[in-house]
Structure formats: structure tokens, C-alpha cells
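Visitor: What follows is a single structure, and I will ask about it in a moment.
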Amino acid sequence: MAQTAQAEIRDNGCSEAGNAARWSHGSFFWNELMTRDPETARKFYADTVGWTFDAMPMADGGTYWVAKVGDKPVGGIFEMKGPGFDGVPENWMPYLAVDDIDSRAKKAVAAGASLMRPLLDIPGIGRIAILKEPGGAAIGWITPQAS
């Protein structure tokens, strides 16, 4: 199930052959709900908009839930747990696709943004930066991994 979910997320925006047709630099690529109660969130979105969910095990032992409409992945649900999330309100985190996360993150910091955590690689998905832009809004940037 985990490999299937990773492939679905990756293919949402990135395949070697049709890269430009599926995602483009500067466009929104993914959205995920960061919540302390993923069960309640899953029930809410299943009951109200009809989403179904696939489980994807995470490296920390938790579960990432891939939300789907039919067979199409449309977002994810991530459980906020641990001291790194103390005081962080539940929220939706959008991700913009960028062509080169490392160079774009450096440009963002030079332009007044701050990195909220070090850049990270999500195997089978891509490389991610979580930024706070100069106005204070949080946003994720991702360079999707090619298939």
C-alpha cells in the first residue's frame, strides 16, 4: 500500500515523460492537512466531500493518509505529534512545485523568507522546503522526484 500511495502522490505531478504537462514551476502541486486528530479529519472529509484514504507508513512509525477522489490523489493528512508541533495550530499546508528546491530556497531566504526546518527528502516523492515567507505565511515548496 505504501509504494502505491507514494507512486500516486509522485504521479500527481511528476513523471519523466510528461513532466511539464503534470506540474510546472510555480504552480500548486499538493495540499496536506496537519492535524492532531487524523481519524476525526478523515471521517469529516469522507462524510462531507466523499474522500477515501490510502495509508502510507512514515519513517517515524506514523501513518500519512493520502486523500483520494475516485482513483485520483487530491491531498494528504499528516498527524502533528511531538514537541516540534507545540503551539502550532491545525492547518492546511499547500505546496508549490519549483524546478530546483535547493537554489529556490536560497533565493527565498535571500528575499526575506526563513526556513522553518532543514530541507528534506521524501523517498519516492521529492525534496521539500517548509518556508515562512516575509509576511509570515507558511508554505511548502517541492521539487517532485522524477519517476
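Chain labels run A, B, ... following the order of the C-alpha cells; each chain numbers its residues from 1, and ligands are numbered from 1 in the order shown.
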Give me the residues within 9 Å of range 114-121 of chain A as a VMD selection string, counting only C-alpha atoms and dropping any in the same chain fewer than 6 places off.

Guide: chain A and resid 101 to 102 105 108 127 to 134 138

Visitor: Which residues are near Phe29 in chain A? Cut-off 6 Å, only C-alpha atoms, ignore same chain within fewer than 6 positions. Put them as a compact mmCIF listing (two decimals) with C-alpha atoms, in the first residue's frame.

Guide:
```txt
# COMPACT_ATOMS: atom_id res chain seq x y z
CA TYR A 95 2.98 23.02 -1.65
CA LEU A 96 4.25 24.87 -4.71
CA ALA A 97 6.24 22.96 -7.31
```

Visitor: If you run DSSP on this backbone, which residues of range 31-95 of chain A come out as strand (DSSP E), and could you give them as a compact mmCIF listing (two decimals) with N, CA and C atoms, in the first residue's frame?

Guide:
```
# COMPACT_ATOMS: atom_id res chain seq x y z
N ASN A 31 -1.56 19.55 -1.35
CA ASN A 31 -2.08 20.15 -0.10
C ASN A 31 -2.17 19.06 0.94
N GLU A 32 -1.79 19.41 2.18
CA GLU A 32 -1.97 18.44 3.25
C GLU A 32 -2.49 19.11 4.50
N LEU A 33 -3.37 18.40 5.17
CA LEU A 33 -3.91 18.85 6.44
C LEU A 33 -2.99 18.37 7.55
N MET A 34 -2.53 19.29 8.36
CA MET A 34 -1.74 18.96 9.54
C MET A 34 -2.69 19.03 10.73
N THR A 35 -2.90 17.89 11.38
CA THR A 35 -3.90 17.79 12.45
C THR A 35 -3.41 16.92 13.59
N THR A 52 -11.83 9.15 -0.04
CA THR A 52 -11.36 7.88 0.52
C THR A 52 -9.88 8.07 0.83
N PHE A 53 -9.31 7.13 1.55
CA PHE A 53 -7.93 7.32 2.02
C PHE A 53 -7.12 6.04 1.87
N ASP A 54 -5.86 6.21 1.48
CA ASP A 54 -4.89 5.13 1.48
C ASP A 54 -3.84 5.46 2.53
N ALA A 55 -3.45 4.46 3.31
CA ALA A 55 -2.43 4.63 4.33
C ALA A 55 -1.04 4.52 3.71
N MET A 56 -0.14 5.38 4.16
CA MET A 56 1.25 5.33 3.73
C MET A 56 2.12 5.42 4.99
N PRO A 57 2.82 4.34 5.36
CA PRO A 57 3.66 4.38 6.55
C PRO A 57 4.75 5.45 6.42
N THR A 63 1.47 7.27 10.32
CA THR A 63 0.79 7.00 9.05
C THR A 63 0.43 8.31 8.38
N TYR A 64 0.75 8.43 7.10
CA TYR A 64 0.33 9.55 6.27
C TYR A 64 -0.87 9.04 5.48
N TRP A 65 -1.93 9.80 5.47
CA TRP A 65 -3.16 9.40 4.78
C TRP A 65 -3.29 10.15 3.47
N VAL A 66 -3.29 9.45 2.36
CA VAL A 66 -3.47 10.04 1.04
C VAL A 66 -4.96 10.10 0.75
N ALA A 67 -5.48 11.32 0.59
CA ALA A 67 -6.89 11.53 0.30
C ALA A 67 -7.11 11.38 -1.20
N LYS A 68 -8.21 10.74 -1.56
CA LYS A 68 -8.48 10.48 -2.97
C LYS A 68 -9.94 10.77 -3.33
N VAL A 69 -10.13 11.21 -4.56
CA VAL A 69 -11.46 11.28 -5.18
C VAL A 69 -11.41 10.25 -6.30
N LYS A 72 -7.94 9.33 -7.98
CA LYS A 72 -7.03 10.46 -8.06
C LYS A 72 -6.66 10.98 -6.66
N PRO A 73 -5.35 11.01 -6.34
CA PRO A 73 -4.93 11.62 -5.08
C PRO A 73 -5.13 13.13 -5.13
N VAL A 74 -5.72 13.68 -4.07
CA VAL A 74 -6.02 15.11 -4.05
C VAL A 74 -5.39 15.84 -2.87
N GLY A 75 -4.83 15.11 -1.93
CA GLY A 75 -4.21 15.74 -0.77
C GLY A 75 -3.82 14.69 0.24
N GLY A 76 -3.38 15.15 1.39
CA GLY A 76 -2.96 14.23 2.42
C GLY A 76 -3.31 14.73 3.80
N ILE A 77 -3.26 13.82 4.76
CA ILE A 77 -3.48 14.16 6.16
C ILE A 77 -2.27 13.67 6.94
N PHE A 78 -1.70 14.59 7.69
CA PHE A 78 -0.48 14.36 8.44
C PHE A 78 -0.75 14.62 9.91
N GLU A 79 -0.39 13.66 10.78
CA GLU A 79 -0.61 13.85 12.22
C GLU A 79 0.52 14.68 12.81
N ASN A 91 -3.76 23.12 10.52
CA ASN A 91 -3.82 23.95 9.31
C ASN A 91 -3.64 23.11 8.06
N TRP A 92 -4.02 23.71 6.95
CA TRP A 92 -3.73 23.14 5.64
C TRP A 92 -2.41 23.73 5.16
N MET A 93 -1.54 22.88 4.64
CA MET A 93 -0.24 23.31 4.12
C MET A 93 -0.23 23.08 2.60
N PRO A 94 -0.22 24.16 1.83
CA PRO A 94 -0.10 24.00 0.37
C PRO A 94 1.37 23.86 -0.01
N TYR A 95 1.63 23.18 -1.11
CA TYR A 95 2.98 23.02 -1.65
C TYR A 95 3.02 23.53 -3.07
```

Visitor: Please, what distance in Å, to one decimal, runs between CA of Pro123 in chain A and CA of Thr143 in chain A?

Guide: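 Atom-to-atom, CA of Pro123 in chain A to CA of Thr143 in chain A, that is 12.1 Å.
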
Visitor: When you draw a straight line from CA of Pro144 in chain A to CA of Trp30 in chain A, how long is it in Å?

Guide: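 Separating CA of Pro144 in chain A from CA of Trp30 in chain A is a distance of 10.3 Å.
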
Visitor: Go through chain A and collect every residue that DSSP, computed from the backbone, puts in helix (DSSP H, G or I); the answer should be as a compact mmCIF listing (two decimals) with N, CA and C atoms, in the first residue's frame.

Guide:
```txt
# COMPACT_ATOMS: atom_id res chain seq x y z
N ALA A 2 1.96 1.27 0.75
CA ALA A 2 2.80 2.46 0.84
C ALA A 2 3.41 2.80 -0.50
N GLN A 3 3.92 1.82 -1.24
CA GLN A 3 4.52 2.11 -2.54
C GLN A 3 3.47 2.63 -3.50
N THR A 4 2.26 2.08 -3.44
CA THR A 4 1.18 2.55 -4.29
C THR A 4 0.85 4.00 -3.98
N ALA A 5 0.73 4.33 -2.69
CA ALA A 5 0.41 5.70 -2.30
C ALA A 5 1.51 6.66 -2.72
N GLN A 6 2.78 6.28 -2.54
CA GLN A 6 3.88 7.15 -2.96
C GLN A 6 3.85 7.37 -4.46
N ALA A 7 3.59 6.32 -5.22
CA ALA A 7 3.52 6.46 -6.68
C ALA A 7 2.38 7.37 -7.08
N GLU A 8 1.24 7.28 -6.38
CA GLU A 8 0.10 8.13 -6.69
C GLU A 8 0.42 9.59 -6.43
N ILE A 9 1.07 9.88 -5.30
CA ILE A 9 1.44 11.27 -5.00
C ILE A 9 2.43 11.76 -6.03
N ARG A 10 3.48 10.97 -6.29
CA ARG A 10 4.51 11.36 -7.25
C ARG A 10 3.88 11.60 -8.63
N ASP A 11 3.01 10.69 -9.05
CA ASP A 11 2.41 10.81 -10.38
C ASP A 11 1.38 11.91 -10.46
N ASN A 12 0.94 12.43 -9.31
CA ASN A 12 0.07 13.59 -9.31
C ASN A 12 0.73 14.74 -10.06
N GLY A 13 2.04 14.81 -9.99
CA GLY A 13 2.69 15.93 -10.63
C GLY A 13 3.98 15.63 -11.32
N ASN A 19 6.46 15.35 -17.64
CA ASN A 19 6.76 16.26 -16.56
C ASN A 19 6.04 17.60 -16.68
N ALA A 20 6.26 18.32 -17.77
CA ALA A 20 5.71 19.67 -17.91
C ALA A 20 4.19 19.66 -17.96
N ALA A 21 3.61 18.59 -18.50
CA ALA A 21 2.16 18.53 -18.60
C ALA A 21 1.50 18.29 -17.24
N ARG A 22 2.23 17.72 -16.28
CA ARG A 22 1.64 17.37 -15.00
C ARG A 22 1.93 18.37 -13.90
N PRO A 38 -6.12 12.76 13.15
CA PRO A 38 -6.38 12.36 11.77
C PRO A 38 -7.64 11.52 11.59
N GLU A 39 -8.03 10.76 12.60
CA GLU A 39 -9.25 9.94 12.48
C GLU A 39 -10.48 10.83 12.31
N THR A 40 -10.58 11.86 13.12
CA THR A 40 -11.72 12.78 13.02
C THR A 40 -11.68 13.52 11.68
N ALA A 41 -10.49 13.94 11.26
CA ALA A 41 -10.37 14.63 9.97
C ALA A 41 -10.77 13.72 8.81
N ARG A 42 -10.30 12.48 8.85
CA ARG A 42 -10.66 11.54 7.78
C ARG A 42 -12.17 11.34 7.73
N LYS A 43 -12.79 11.17 8.88
CA LYS A 43 -14.24 10.97 8.91
C LYS A 43 -14.96 12.21 8.37
N PHE A 44 -14.51 13.40 8.79
CA PHE A 44 -15.13 14.64 8.32
C PHE A 44 -15.08 14.73 6.79
N TYR A 45 -13.91 14.54 6.20
CA TYR A 45 -13.78 14.70 4.74
C TYR A 45 -14.43 13.54 3.98
N ALA A 46 -14.45 12.35 4.56
CA ALA A 46 -15.16 11.23 3.92
C ALA A 46 -16.66 11.51 3.90
N ASP A 47 -17.18 12.00 5.03
CA ASP A 47 -18.62 12.25 5.16
C ASP A 47 -19.09 13.47 4.37
N THR A 48 -18.24 14.48 4.24
CA THR A 48 -18.69 15.73 3.62
C THR A 48 -18.35 15.87 2.15
N VAL A 49 -17.19 15.37 1.73
CA VAL A 49 -16.83 15.51 0.30
C VAL A 49 -16.58 14.18 -0.38
N PRO A 83 7.13 17.44 20.22
CA PRO A 83 7.37 18.81 20.70
C PRO A 83 7.56 19.84 19.58
N GLY A 84 7.94 19.40 18.40
CA GLY A 84 8.11 20.34 17.29
C GLY A 84 6.81 21.00 16.85
N PHE A 85 5.68 20.45 17.29
CA PHE A 85 4.38 21.00 16.91
C PHE A 85 3.68 21.70 18.06
N ILE A 101 14.69 22.95 -5.81
CA ILE A 101 14.38 23.35 -4.44
C ILE A 101 15.57 23.97 -3.72
N ASP A 102 16.76 23.46 -3.93
CA ASP A 102 17.92 23.99 -3.21
C ASP A 102 18.21 25.44 -3.61
N SER A 103 18.25 25.71 -4.91
CA SER A 103 18.55 27.09 -5.33
C SER A 103 17.37 28.02 -5.05
N ARG A 104 16.15 27.53 -5.18
CA ARG A 104 14.97 28.38 -4.92
C ARG A 104 14.86 28.71 -3.43
N ALA A 105 15.19 27.75 -2.56
CA ALA A 105 15.16 28.02 -1.12
C ALA A 105 16.20 29.07 -0.75
N LYS A 106 17.37 29.01 -1.35
CA LYS A 106 18.40 30.04 -1.10
C LYS A 106 17.90 31.41 -1.54
N LYS A 107 17.25 31.47 -2.71
CA LYS A 107 16.69 32.74 -3.19
C LYS A 107 15.61 33.24 -2.24
N ALA A 108 14.79 32.34 -1.73
CA ALA A 108 13.71 32.73 -0.82
C ALA A 108 14.28 33.33 0.46
N VAL A 109 15.30 32.69 1.02
CA VAL A 109 15.93 33.19 2.25
C VAL A 109 16.57 34.55 1.98
N ALA A 110 17.23 34.69 0.84
CA ALA A 110 17.85 35.98 0.48
C ALA A 110 16.80 37.08 0.32
```

Visitor: Just give me the gap between CA of Ser24 in chain A and CA of Asp99 in chain A in Å, one decimal is fine.

Guide: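 Computing the Euclidean distance for CA of Ser24 in chain A and CA of Asp99 in chain A yields 7.9 Å.
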